[in-house]
Amino acid sequence: MTEKDDDMEIMEQERQKPRERHFRQKTEEQADISAERTEVKEPFNPLIEVVNYNFFYGATQALFDVDLTMPEKQVTAIIGPSGCGKSTLLRSINRMNDLLDNAYHRGDIRIREQSIYDAGLEVTELRKRIGMVFQKSNPFPKTIYENVVYSLRVAGQNNKTVLNEAVERSLKAAALWDEAKDRLDESALSLSGGQMQRLCIARAVANRPEILLMDEPCSALDPIATAKIEELMYQLKKDYTIVIVTHNMQQAARVADHTAFFYMGRLIEFGETKKMFMSPDKKQTEEYITGRFG
Ligand SMILES: Nc1ncnc2c1ncn2[C@@H]1O[C@H](COP(=O)(O)OP(=O)(O)OP(=O)(O)O)[C@@H](O)[C@H]1O
Ligand SMILES: [Mg+2]
């Protein structure tokens, strides 16, 4: 996270082209570091492909002709004004929208080149591969332990060694182990808001999904809890592909490798986050990220 902040700062300094010599030297040194990082950047391996996707809630069309490819083991941020279809897209990826009456889609979403609507793909299997974290943390009224192992229990796993391993691994992955390890049998509802949200992340990764969908996961959290979750995303992307919806531009700039800007159900622009924030191609994107509308 801090490294990303540094990068943004470097880009900003580059852009402003400071005139004073010692400033220029510093910027050049930093630019070198930034160039090194650019070289080691992970390749863009397509994982989630949204293809000419349209989504309808009855007569209301929420998404229009969306084409968007999201890379594996990176963070993609979805940004845009309220009502532009961000949550609709996220809920389409794990087919949660299927649960609604009158809702339907046109087009396709593919994960590892397989359509999520493929007749051979069970929705329950799909959802096992995709963890989801919502804006408001939603722990079950059970112990911390039982919250984490919930999906394993549902899958019929009752082996204590396996469950214990999953609890420790997931709570560590969610940066909650140290705070929770001595109170695993306490109710999850006794945790603070930020801890509950990290518990929900632990629950979402317990079954080792490939993809983590996060819909405004930090909007109800204070800056310290937010910083922890952002740091966590930075760690988690080593193992997971993360798609995060956020209203917080700084957060998108800090955590996301790529950013997709939506407006009124359409994808306006998609690209590397730094490029999007420094020199967006579209005027609408620039107006949104600089706070002139939305
Ligand atoms: N269950 C639903 N039934 C009918 N219309 C819906 C439903 N959910 C969303 N919509 C409509 O679809 C459009 C997109 O909504 P969506 O929730 O995807 O927006 P969003 O970008 O996530 O907004 P926000 O930032 O406020 O969360 C909106 O016009 C919304 O009113
Ligand atoms: Mg939403």
# chains A, B, ... in the order shown; residues from 1 in each chain; ligands from 1
call {"tool": "closest_atom_pairs", "arguments": {"of": "chain A", "to": "ligand 2", "cutoff": "8 Å", "atoms": "only C-alpha atoms and all ligand atoms", "output": "Markdown table"}}
result
| residue | atom | partner | partner_atom_place_in_ligand_line | distance |
| --- | --- | --- | --- | --- |
| A:Ser82 | CA | ligand 2 | 1 (Mg) | 6.9 |
| A:Gly83 | CA | ligand 2 | 1 (Mg) | 6.9 |
| A:Gly85 | CA | ligand 2 | 1 (Mg) | 7.0 |
| A:Lys86 | CA | ligand 2 | 1 (Mg) | 5.6 |
| A:Ser87 | CA | ligand 2 | 1 (Mg) | 4.1 |
| A:Thr88 | CA | ligand 2 | 1 (Mg) | 7.2 |
| A:Asp215 | CA | ligand 2 | 1 (Mg) | 6.8 |
| A:Glu216 | CA | ligand 2 | 1 (Mg) | 7.5 |
| A:Val245 | CA | ligand 2 | 1 (Mg) | 7.5 |
call {"tool": "closest_atom_pairs", "arguments": {"of": "chain A", "to": "ligand 1", "cutoff": "8 Å", "atoms": "only C-alpha atoms and all ligand atoms", "output": "CSV"}}
result
residue,atom,partner,partner_atom_place_in_ligand_line,distance
A:Phe56,CA,ligand 1,12 (O),7.9
A:Tyr57,CA,ligand 1,4 (C),4.8
A:Gly58,CA,ligand 1,4 (C),7.2
A:Thr60,CA,ligand 1,5 (N),6.4
A:Gln61,CA,ligand 1,12 (O),7.0
A:Ala62,CA,ligand 1,12 (O),4.5
A:Leu63,CA,ligand 1,14 (C),7.5
A:Ile79,CA,ligand 1,21 (O),7.9
A:Gly80,CA,ligand 1,21 (O),6.5
A:Pro81,CA,ligand 1,25 (O),5.8
A:Ser82,CA,ligand 1,25 (O),3.4
A:Gly83,CA,ligand 1,19 (O),3.4
A:Cys84,CA,ligand 1,21 (O),4.0
A:Gly85,CA,ligand 1,18 (O),3.2
A:Lys86,CA,ligand 1,21 (O),3.8
A:Ser87,CA,ligand 1,22 (O),3.7
A:Thr88,CA,ligand 1,18 (O),3.7
A:Leu89,CA,ligand 1,18 (O),6.5
A:Leu100,CA,ligand 1,1 (N),6.9
A:Ala103,CA,ligand 1,3 (N),7.8
A:Val245,CA,ligand 1,22 (O),7.9
A:Thr246,CA,ligand 1,25 (O),8.0
A:His247,CA,ligand 1,25 (O),7.0
A:Phe262,CA,ligand 1,21 (O),7.9
A:Met264,CA,ligand 1,14 (C),7.9
A:Gly265,CA,ligand 1,14 (C),6.9
call {"tool": "select_by_dssp", "arguments": {"residues": "range 1-225 of chain A", "states": "strand (DSSP E)", "output": "ChimeraX atom specification"}}
result
/A:46-57,60-71,75-79,103-111,114-115,130-133,211-215
call {"tool": "write_last_selection", "arguments": {"atoms": "N, CA and C atoms", "output": "CSV table (one decimal), in the first residue's frame"}}
result
chain,number,residue,atom,x,y,z
A,46,PRO,N,-5.8,-13.0,-18.6
A,46,PRO,CA,-7.2,-12.9,-18.5
A,46,PRO,C,-7.9,-14.0,-17.6
A,47,LEU,N,-8.7,-13.6,-16.7
A,47,LEU,CA,-9.4,-14.6,-15.9
A,47,LEU,C,-10.9,-14.5,-16.1
A,48,ILE,N,-11.4,-13.2,-15.9
A,48,ILE,CA,-12.8,-13.0,-16.0
A,48,ILE,C,-13.1,-12.2,-17.3
A,49,GLU,N,-13.9,-12.8,-18.2
A,49,GLU,CA,-14.2,-12.0,-19.4
A,49,GLU,C,-15.7,-11.7,-19.5
A,50,VAL,N,-16.0,-10.5,-19.5
A,50,VAL,CA,-17.4,-10.1,-19.6
A,50,VAL,C,-17.5,-9.7,-21.1
A,51,VAL,N,-18.5,-10.4,-21.8
A,51,VAL,CA,-18.5,-10.3,-23.2
A,51,VAL,C,-19.9,-9.8,-23.7
A,52,ASN,N,-19.9,-8.6,-24.2
A,52,ASN,CA,-21.2,-8.0,-24.7
A,52,ASN,C,-22.3,-8.3,-23.8
A,53,TYR,N,-22.1,-7.9,-22.5
A,53,TYR,CA,-23.1,-8.3,-21.5
A,53,TYR,C,-24.1,-7.2,-21.2
A,54,ASN,N,-25.3,-7.6,-21.2
A,54,ASN,CA,-26.5,-6.7,-20.9
A,54,ASN,C,-27.2,-7.3,-19.7
A,55,PHE,N,-27.7,-6.5,-18.8
A,55,PHE,CA,-28.5,-7.0,-17.7
A,55,PHE,C,-29.8,-6.2,-17.5
A,56,PHE,N,-30.8,-6.9,-17.3
A,56,PHE,CA,-32.2,-6.3,-17.1
A,56,PHE,C,-32.8,-6.7,-15.8
A,57,TYR,N,-33.3,-5.7,-15.1
A,57,TYR,CA,-34.2,-6.0,-14.0
A,57,TYR,C,-35.6,-5.7,-14.5
A,60,THR,N,-36.2,-2.5,-16.6
A,60,THR,CA,-35.0,-1.6,-16.4
A,60,THR,C,-33.7,-2.3,-16.8
A,61,GLN,N,-33.1,-1.7,-17.8
A,61,GLN,CA,-31.8,-2.2,-18.2
A,61,GLN,C,-30.7,-1.6,-17.4
A,62,ALA,N,-29.9,-2.4,-16.7
A,62,ALA,CA,-28.9,-1.9,-15.8
A,62,ALA,C,-27.5,-1.9,-16.4
A,63,LEU,N,-27.2,-2.8,-17.3
A,63,LEU,CA,-25.9,-2.9,-18.0
A,63,LEU,C,-26.1,-3.0,-19.5
A,64,PHE,N,-25.3,-2.2,-20.2
A,64,PHE,CA,-25.4,-2.2,-21.7
A,64,PHE,C,-24.1,-2.6,-22.3
A,65,ASP,N,-24.1,-3.7,-23.1
A,65,ASP,CA,-23.0,-4.0,-24.0
A,65,ASP,C,-21.6,-3.9,-23.3
A,66,VAL,N,-21.5,-4.5,-22.1
A,66,VAL,CA,-20.3,-4.4,-21.4
A,66,VAL,C,-19.3,-5.5,-21.9
A,67,ASP,N,-18.1,-5.0,-22.3
A,67,ASP,CA,-17.0,-5.9,-22.7
A,67,ASP,C,-15.8,-5.5,-21.8
A,68,LEU,N,-15.4,-6.4,-21.0
A,68,LEU,CA,-14.4,-6.1,-20.0
A,68,LEU,C,-13.6,-7.4,-19.6
A,69,THR,N,-12.3,-7.4,-19.6
A,69,THR,CA,-11.5,-8.5,-19.2
A,69,THR,C,-10.7,-8.2,-18.0
A,70,MET,N,-10.8,-9.0,-17.0
A,70,MET,CA,-10.1,-8.8,-15.7
A,70,MET,C,-9.0,-9.8,-15.5
A,71,PRO,N,-7.8,-9.3,-15.1
A,71,PRO,CA,-6.7,-10.2,-15.1
A,71,PRO,C,-6.6,-11.0,-13.8
A,75,VAL,N,-5.8,-6.8,-8.7
A,75,VAL,CA,-7.0,-6.1,-8.2
A,75,VAL,C,-7.6,-5.2,-9.3
A,76,THR,N,-8.8,-5.4,-9.6
A,76,THR,CA,-9.6,-4.6,-10.5
A,76,THR,C,-10.6,-3.8,-9.7
A,77,ALA,N,-10.6,-2.5,-9.9
A,77,ALA,CA,-11.6,-1.6,-9.2
A,77,ALA,C,-12.7,-1.3,-10.2
A,78,ILE,N,-13.9,-1.3,-9.7
A,78,ILE,CA,-15.0,-0.8,-10.5
A,78,ILE,C,-15.5,0.5,-9.8
A,79,ILE,N,-15.5,1.6,-10.6
A,79,ILE,CA,-15.9,2.8,-10.0
A,79,ILE,C,-17.0,3.4,-10.9
A,103,ALA,N,-35.4,-11.0,-13.6
A,103,ALA,CA,-34.1,-10.4,-14.0
A,103,ALA,C,-33.5,-11.4,-15.1
A,104,TYR,N,-32.9,-10.8,-16.1
A,104,TYR,CA,-32.3,-11.7,-17.2
A,104,TYR,C,-31.1,-10.9,-17.8
A,105,HIS,N,-30.4,-11.7,-18.6
A,105,HIS,CA,-29.2,-11.1,-19.2
A,105,HIS,C,-29.1,-11.5,-20.7
A,106,ARG,N,-28.3,-10.7,-21.4
A,106,ARG,CA,-27.9,-11.1,-22.7
A,106,ARG,C,-26.3,-11.0,-22.8
A,107,GLY,N,-25.7,-11.8,-23.5
A,107,GLY,CA,-24.2,-11.8,-23.6
A,107,GLY,C,-23.7,-12.9,-22.7
A,108,ASP,N,-22.4,-12.8,-22.3
A,108,ASP,CA,-21.8,-13.9,-21.6
A,108,ASP,C,-20.8,-13.3,-20.6
A,109,ILE,N,-20.5,-14.2,-19.6
A,109,ILE,CA,-19.4,-13.9,-18.7
A,109,ILE,C,-18.6,-15.2,-18.6
A,110,ARG,N,-17.3,-15.2,-18.8
A,110,ARG,CA,-16.5,-16.4,-18.8
A,110,ARG,C,-15.4,-16.3,-17.8
A,111,ILE,N,-15.2,-17.4,-17.1
A,111,ILE,CA,-14.1,-17.6,-16.2
A,111,ILE,C,-13.2,-18.7,-16.7
A,114,GLN,N,-14.5,-20.5,-19.6
A,114,GLN,CA,-15.7,-21.3,-19.6
A,114,GLN,C,-16.9,-20.3,-19.2
A,115,SER,N,-18.0,-20.4,-19.9
A,115,SER,CA,-19.1,-19.6,-19.6
A,115,SER,C,-19.7,-19.9,-18.2
A,130,ILE,N,-15.9,-18.6,-6.0
A,130,ILE,CA,-16.0,-17.1,-5.9
A,130,ILE,C,-16.4,-16.7,-4.5
A,131,GLY,N,-15.6,-16.0,-3.7
A,131,GLY,CA,-16.0,-15.5,-2.4
A,131,GLY,C,-16.5,-14.1,-2.6
A,132,MET,N,-17.5,-13.7,-1.7
A,132,MET,CA,-18.0,-12.4,-1.9
A,132,MET,C,-18.1,-11.7,-0.5
A,133,VAL,N,-17.7,-10.4,-0.5
A,133,VAL,CA,-17.7,-9.6,0.7
A,133,VAL,C,-18.6,-8.4,0.4
A,211,ILE,N,-11.6,-16.3,-6.9
A,211,ILE,CA,-11.9,-14.9,-7.1
A,211,ILE,C,-12.6,-14.4,-5.8
A,212,LEU,N,-12.3,-13.1,-5.5
A,212,LEU,CA,-12.9,-12.5,-4.3
A,212,LEU,C,-13.6,-11.2,-4.9
A,213,LEU,N,-14.9,-11.2,-4.7
A,213,LEU,CA,-15.6,-10.0,-5.1
A,213,LEU,C,-15.9,-9.2,-3.9
A,214,MET,N,-15.6,-7.9,-3.9
A,214,MET,CA,-15.8,-7.0,-2.7
A,214,MET,C,-16.7,-5.8,-3.1
A,215,ASP,N,-17.8,-5.7,-2.6
A,215,ASP,CA,-18.7,-4.6,-2.9
A,215,ASP,C,-18.6,-3.5,-1.8
call {"tool": "residues_around", "arguments": {"residues": "Asn248 in chain A", "least_positions_apart": "4", "cutoff": "12 Å", "atoms": "only C-alpha atoms", "output": "ChimeraX atom specification"}}
result
/A:77-81,215-220,223,226,230,244,252-256,288-291,294
call {"tool": "write_last_selection", "arguments": {"atoms": "C-alpha atoms", "output": "mmCIF file, in the first residue's frame"}}
result
data_model
loop_
_atom_site.group_PDB
_atom_site.id
_atom_site.type_symbol
_atom_site.label_atom_id
_atom_site.label_comp_id
_atom_site.auth_asym_id
_atom_site.auth_seq_id
_atom_site.Cartn_x
_atom_site.Cartn_y
_atom_site.Cartn_z
ATOM 1 C CA ALA A 77 -11.571 -1.645 -9.183
ATOM 2 C CA ILE A 78 -15.035 -0.827 -10.473
ATOM 3 C CA ILE A 79 -15.881 2.840 -10.028
ATOM 4 C CA GLY A 80 -18.714 5.117 -11.107
ATOM 5 C CA PRO A 81 -21.649 7.101 -9.747
ATOM 6 C CA ASP A 215 -18.709 -4.551 -2.899
ATOM 7 C CA GLU A 216 -17.652 -1.381 -1.073
ATOM 8 C CA PRO A 217 -16.001 -3.405 1.705
ATOM 9 C CA CYS A 218 -14.644 -0.369 3.554
ATOM 10 C CA SER A 219 -17.447 2.147 3.306
ATOM 11 C CA ALA A 220 -18.603 1.539 6.886
ATOM 12 C CA PRO A 223 -9.522 4.941 8.358
ATOM 13 C CA THR A 226 -9.809 0.654 6.018
ATOM 14 C CA GLU A 230 -6.382 -2.249 1.843
ATOM 15 C CA ILE A 244 -13.601 -4.365 -5.737
ATOM 16 C CA ALA A 252 -9.047 2.711 -6.064
ATOM 17 C CA ALA A 253 -5.782 4.539 -6.734
ATOM 18 C CA ARG A 254 -4.116 2.805 -3.801
ATOM 19 C CA VAL A 255 -5.290 -0.773 -4.219
ATOM 20 C CA ALA A 256 -6.209 -1.413 -7.829
ATOM 21 C CA TYR A 288 -15.684 11.756 -12.319
ATOM 22 C CA ILE A 289 -12.289 11.126 -10.792
ATOM 23 C CA THR A 290 -11.671 14.796 -10.212
ATOM 24 C CA GLY A 291 -15.029 15.040 -8.468
ATOM 25 C CA GLY A 294 -21.183 11.851 -9.609
#
call {"tool": "closest_residue", "arguments": {"among": "A:Arg95, A:Lys274, A:Lys228, A:Lys282", "to": "Arg127 in chain A", "atoms": "only C-alpha atoms"}}
result
A:Arg95
call {"tool": "atom_distance", "arguments": {"atom1": "CA of Lys275 in chain A", "atom2": "CA of Ala260 in chain A"}}
result
11.6 Å
call {"tool": "atom_distance", "arguments": {"atom1": "CA of Ala174 in chain A", "atom2": "CA of Asn97 in chain A"}}
result
26.8 Å
call {"tool": "select_by_dssp", "arguments": {"residues": "range 64-277 of chain A", "states": "helix (DSSP H, G or I)", "output": "ChimeraX atom specification"}}
result
/A:86-93,96-99,123-128,144-148,150-154,160-173,177-180,188-190,193-205,223-236,249-255,273-277
call {"tool": "atom_distance", "arguments": {"atom1": "CA of Val162 in chain A", "atom2": "CA of Val149 in chain A"}}
result
9.6 Å
call {"tool": "closest_residue", "arguments": {"among": "A:Gln250, A:Gln284, A:Ser279, A:Gln197", "to": "Phe140 in chain A", "atoms": "only C-alpha atoms"}}
result
A:Gln197
call {"tool": "closest_residue", "arguments": {"among": "A:Gly120, A:Cys200, A:Ala175, A:Asp182", "to": "Asn147 in chain A", "atoms": "only C-alpha atoms"}}
result
A:Cys200
call {"tool": "residues_around", "arguments": {"residues": "Val167 in chain A", "least_positions_apart": "6", "cutoff": "12 Å", "atoms": "only C-alpha atoms", "output": "ChimeraX atom specification"}}
result
/A:143-152,160-161,173-177,180-181,184-185,199,201-208
call {"tool": "closest_residue", "arguments": {"among": "A:Glu72, A:Asp178, A:Glu125, A:Glu42", "to": "Val243 in chain A", "atoms": "only C-alpha atoms"}}
result
A:Glu72
call {"tool": "closest_residue", "arguments": {"among": "A:Asp222, A:Glu210, A:Glu165, A:Glu186", "to": "Lys237 in chain A", "atoms": "only C-alpha atoms"}}
result
A:Glu210
call {"tool": "closest_residue", "arguments": {"among": "A:Tyr263, A:Val123, A:Gln251, A:Gln135", "to": "Phe277 in chain A", "atoms": "only C-alpha atoms"}}
result
A:Gln251
